[in-house]
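One structure is given here, and the rest of the page talks about it.
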Amino acid sequence: GLRVKFFKPITQAYMPDGGPDRSIKLVQRIMNYELPEPMSLHHVEDLLGDNKGDVLMEEIVERFNDAGADGVEVMVVEGLVPTRNIPYANRLNSDIAKSINADIILVSDAADDSLHDVADKLEITADGFGGIKKPKVVGYVVNKLTEEQIIKLITLDGDFVGLPEFSRKSFEPLGYISWNPILFSPRTLDIVSYLNCEIINEGEISSRRVTSYTLSDRTPQNMVHKLRPGSLMITAG
């Protein structure tokens, strides 16, 4: 296979807990190697505010080259997600892509949107990189699709069908991911490891997931209605 590495030039916090970047920690755990520390948004905004965008791009390119110095064949680079707090994200992503001469893969989620709305979002985002006709804009990935949407977009043979709005355009789907809320629930094994619990009966601890929590001091007969698959019961010792 190809030698693949991950590079995130700028950190983006999604939670107010001040913890490490989620993407960085996930890749470190899966791929088992140390990633270069991404720049902080504070540093980036300082440079942009001082009209030093060229200095910022030089720093990013230097870090990018250092990250791939050992002959990596494919470097996956994660850009910034546009939010109200980072309205300049698309422009910055475009500048980074140009600076490192990257191919562009757009990633969007369906959430509660129709497929038509998803296509609109993708096309608007692509405009920031020169439009979907640009050779560097190679395709798109859509996640959080409903089962009904997945049926429309993936054939029985497993082939991807382009979004209807792109049927006459050379803008190809690279992946469709269905929405499965159960995957956001921790496994019982994760909770046991976190709390350093003593295991009495292991069962299917590595595959069972916790979907609800109940803190109770009731007698067993008064809490039977809470004993459902996926429930974590917390009681006094």
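Here, A, B, ... name the chains of the structure tokens in the order displayed, residue numbers run from 1 inside each chain, and ligands are numbered from 1 in the same displayed order.
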Discussion item. Just want the 12 Å neighbourhood of Ile151 of chain A, counted on only C-alpha atoms, with same-chain residues fewer than 3 positions away dropped. Output as a list of chain:residue names.
Written reply: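 Those residues are A:Leu145, A:Thr146, A:Glu147, A:Glu148, A:Ile154, A:Thr155, A:Leu156, A:Asp157, A:Gly158, A:Asp159, A:Phe160, A:Val161, A:Tyr176, A:Ile177, A:Ser178.
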Discussion item. Using only C-alpha atoms, which protein or nucleic acid residues come within 12 Å of Leu92 of chain A? Drop anything in the same chain fewer than 5 positions from it, and give the result as a VMD selection string.
Written reply: chain A and resid 9 to 10 41 44 to 45 48 53 to 54 56 to 57 60 78 to 82 86 to 87 97 to 99 128 to 129
Output N, CA, C and O atoms of each residue in that selection to a file, as a JSON list (two decimals), in the first residue's frame.
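As a result, selection.json now contains:
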[["chain", "number", "residue", "atom", "x", "y", "z"],
["A", 9, "PRO", "N", -2.57, 21.88, 9.50],
["A", 9, "PRO", "CA", -1.76, 23.08, 9.72],
["A", 9, "PRO", "C", -2.25, 23.97, 10.84],
["A", 9, "PRO", "O", -1.45, 24.61, 11.52],
["A", 10, "ILE", "N", -3.58, 24.04, 11.05],
["A", 10, "ILE", "CA", -4.14, 24.97, 12.02],
["A", 10, "ILE", "C", -5.14, 24.23, 12.90],
["A", 10, "ILE", "O", -6.04, 23.55, 12.39],
["A", 41, "LEU", "N", -5.06, 29.18, 16.37],
["A", 41, "LEU", "CA", -5.82, 30.22, 15.67],
["A", 41, "LEU", "C", -5.37, 31.62, 16.09],
["A", 41, "LEU", "O", -5.39, 32.56, 15.29],
["A", 44, "VAL", "N", -2.41, 32.51, 14.00],
["A", 44, "VAL", "CA", -2.85, 32.75, 12.62],
["A", 44, "VAL", "C", -3.51, 34.13, 12.50],
["A", 44, "VAL", "O", -3.21, 34.91, 11.58],
["A", 45, "GLU", "N", -4.39, 34.44, 13.42],
["A", 45, "GLU", "CA", -5.10, 35.71, 13.36],
["A", 45, "GLU", "C", -4.17, 36.89, 13.60],
["A", 45, "GLU", "O", -4.38, 37.97, 13.05],
["A", 48, "LEU", "N", -2.51, 37.38, 10.19],
["A", 48, "LEU", "CA", -3.45, 37.95, 9.23],
["A", 48, "LEU", "C", -3.79, 39.39, 9.58],
["A", 48, "LEU", "O", -3.92, 40.24, 8.70],
["A", 53, "GLY", "N", 0.02, 37.57, 5.60],
["A", 53, "GLY", "CA", -0.47, 36.30, 5.08],
["A", 53, "GLY", "C", 0.61, 35.49, 4.39],
["A", 53, "GLY", "O", 0.61, 34.25, 4.45],
["A", 54, "ASP", "N", 1.57, 36.18, 3.75],
["A", 54, "ASP", "CA", 2.65, 35.48, 3.07],
["A", 54, "ASP", "C", 3.56, 34.76, 4.07],
["A", 54, "ASP", "O", 4.03, 33.65, 3.82],
["A", 56, "LEU", "N", 2.54, 33.62, 6.96],
["A", 56, "LEU", "CA", 1.75, 32.48, 7.43],
["A", 56, "LEU", "C", 1.87, 31.32, 6.46],
["A", 56, "LEU", "O", 2.08, 30.17, 6.87],
["A", 57, "MET", "N", 1.75, 31.58, 5.17],
["A", 57, "MET", "CA", 1.84, 30.51, 4.18],
["A", 57, "MET", "C", 3.24, 29.88, 4.17],
["A", 57, "MET", "O", 3.38, 28.66, 4.02],
["A", 60, "ILE", "N", 3.40, 27.49, 7.05],
["A", 60, "ILE", "CA", 2.61, 26.29, 6.79],
["A", 60, "ILE", "C", 3.34, 25.36, 5.82],
["A", 60, "ILE", "O", 3.40, 24.14, 6.02],
["A", 78, "GLU", "N", -5.95, 18.41, 6.48],
["A", 78, "GLU", "CA", -7.29, 18.84, 6.92],
["A", 78, "GLU", "C", -7.33, 20.36, 7.04],
["A", 78, "GLU", "O", -6.50, 20.96, 7.74],
["A", 79, "GLY", "N", -8.29, 20.97, 6.38],
["A", 79, "GLY", "CA", -8.45, 22.41, 6.47],
["A", 79, "GLY", "C", -9.35, 22.80, 7.63],
["A", 79, "GLY", "O", -9.67, 22.00, 8.51],
["A", 80, "LEU", "N", -9.75, 24.05, 7.63],
["A", 80, "LEU", "CA", -10.62, 24.57, 8.67],
["A", 80, "LEU", "C", -12.09, 24.45, 8.27],
["A", 80, "LEU", "O", -12.42, 24.59, 7.09],
["A", 81, "VAL", "N", -12.94, 24.21, 9.24],
["A", 81, "VAL", "CA", -14.38, 24.20, 9.00],
["A", 81, "VAL", "C", -14.91, 25.62, 9.21],
["A", 81, "VAL", "O", -14.69, 26.21, 10.27],
["A", 82, "PRO", "N", -15.58, 26.19, 8.22],
["A", 82, "PRO", "CA", -16.11, 27.55, 8.40],
["A", 82, "PRO", "C", -17.14, 27.61, 9.53],
["A", 82, "PRO", "O", -18.04, 26.78, 9.60],
["A", 86, "ILE", "N", -14.92, 31.81, 12.58],
["A", 86, "ILE", "CA", -13.82, 31.76, 11.60],
["A", 86, "ILE", "C", -14.42, 32.00, 10.21],
["A", 86, "ILE", "O", -14.44, 31.09, 9.36],
["A", 87, "PRO", "N", -14.92, 33.18, 9.93],
["A", 87, "PRO", "CA", -15.55, 33.44, 8.64],
["A", 87, "PRO", "C", -14.59, 33.42, 7.47],
["A", 87, "PRO", "O", -15.01, 33.32, 6.32],
["A", 97, "ALA", "N", -4.15, 25.42, 0.09],
["A", 97, "ALA", "CA", -4.15, 24.45, -1.00],
["A", 97, "ALA", "C", -3.25, 24.90, -2.14],
["A", 97, "ALA", "O", -2.50, 24.10, -2.73],
["A", 98, "LYS", "N", -3.31, 26.19, -2.47],
["A", 98, "LYS", "CA", -2.46, 26.71, -3.53],
["A", 98, "LYS", "C", -0.99, 26.66, -3.14],
["A", 98, "LYS", "O", -0.13, 26.33, -3.96],
["A", 99, "SER", "N", -0.71, 26.96, -1.89],
["A", 99, "SER", "CA", 0.68, 27.03, -1.43],
["A", 99, "SER", "C", 1.35, 25.67, -1.46],
["A", 99, "SER", "O", 2.55, 25.56, -1.73],
["A", 128, "GLY", "N", -14.75, 28.61, -3.99],
["A", 128, "GLY", "CA", -13.60, 29.19, -3.31],
["A", 128, "GLY", "C", -12.28, 28.60, -3.75],
["A", 128, "GLY", "O", -11.21, 29.16, -3.47],
["A", 129, "PHE", "N", -12.35, 27.46, -4.45],
["A", 129, "PHE", "CA", -11.13, 26.81, -4.96],
["A", 129, "PHE", "C", -11.05, 26.85, -6.48],
["A", 129, "PHE", "O", -10.30, 26.11, -7.09]]
Discussion item. Show me, as an MDAnalysis selection string, the residues that have an atom within 12 Å of Asp70 of chain A when counting only C-alpha atoms, minus same-chain residues fewer than 4 positions from it.
Written reply: chainID A and resid 3:5 64:66 74:75
Practice prompt. Write out as a PyMOL selection string which residues come within 7 Å of Thr214 of chain A when counting only C-alpha atoms, dropping same-chain ones fewer than 6 positions away.
Written response: chain A and resi 232-234
Worksheet item: Between atom CA of Tyr140 of chain A and atom CA of Ile124 of chain A, what is the spacing in Å?
Response: 12.7 Å
What's around Tyr33 of chain A at 12 Å? Count only C-alpha atoms, leave out sequence neighbours fewer than 2 positions away in its own chain, and write the answer as a PDB file with C-alpha atoms, in the first residue's frame.
ATOM      1  CA  VAL A   4       0.071   7.877   4.047  1.00  0.00           C
ATOM      2  CA  LYS A   5       0.406  10.621   6.638  1.00  0.00           C
ATOM      3  CA  PHE A   6      -1.861  13.279   8.070  1.00  0.00           C
ATOM      4  CA  PHE A   7      -1.160  16.983   8.441  1.00  0.00           C
ATOM      5  CA  ILE A  24      -4.719  14.965  15.883  1.00  0.00           C
ATOM      6  CA  LYS A  25      -5.499  12.595  18.762  1.00  0.00           C
ATOM      7  CA  LEU A  26      -7.584  10.301  16.554  1.00  0.00           C
ATOM      8  CA  VAL A  27      -4.876   9.963  13.905  1.00  0.00           C
ATOM      9  CA  GLN A  28      -2.180   9.442  16.533  1.00  0.00           C
ATOM     10  CA  ARG A  29      -4.169   6.589  18.023  1.00  0.00           C
ATOM     11  CA  ILE A  30      -5.021   4.917  14.695  1.00  0.00           C
ATOM     12  CA  MET A  31      -1.747   5.442  12.811  1.00  0.00           C
ATOM     13  CA  LEU A  35       2.049  14.512  14.275  1.00  0.00           C
ATOM     14  CA  PRO A  36       3.533  18.002  14.145  1.00  0.00           C
ATOM     15  CA  ALA A  67       5.786  16.406   8.056  1.00  0.00           C
TER      16      ALA A  67
END
Practice prompt. Do a neighbour search on segment 186-202 of chain A at 12 Å with only C-alpha atoms, toss out local chain neighbours closer than 2 positions, and write the hits as an NGL selection string.
Written response: :A and (181-184 or 204-213 or 229-233)
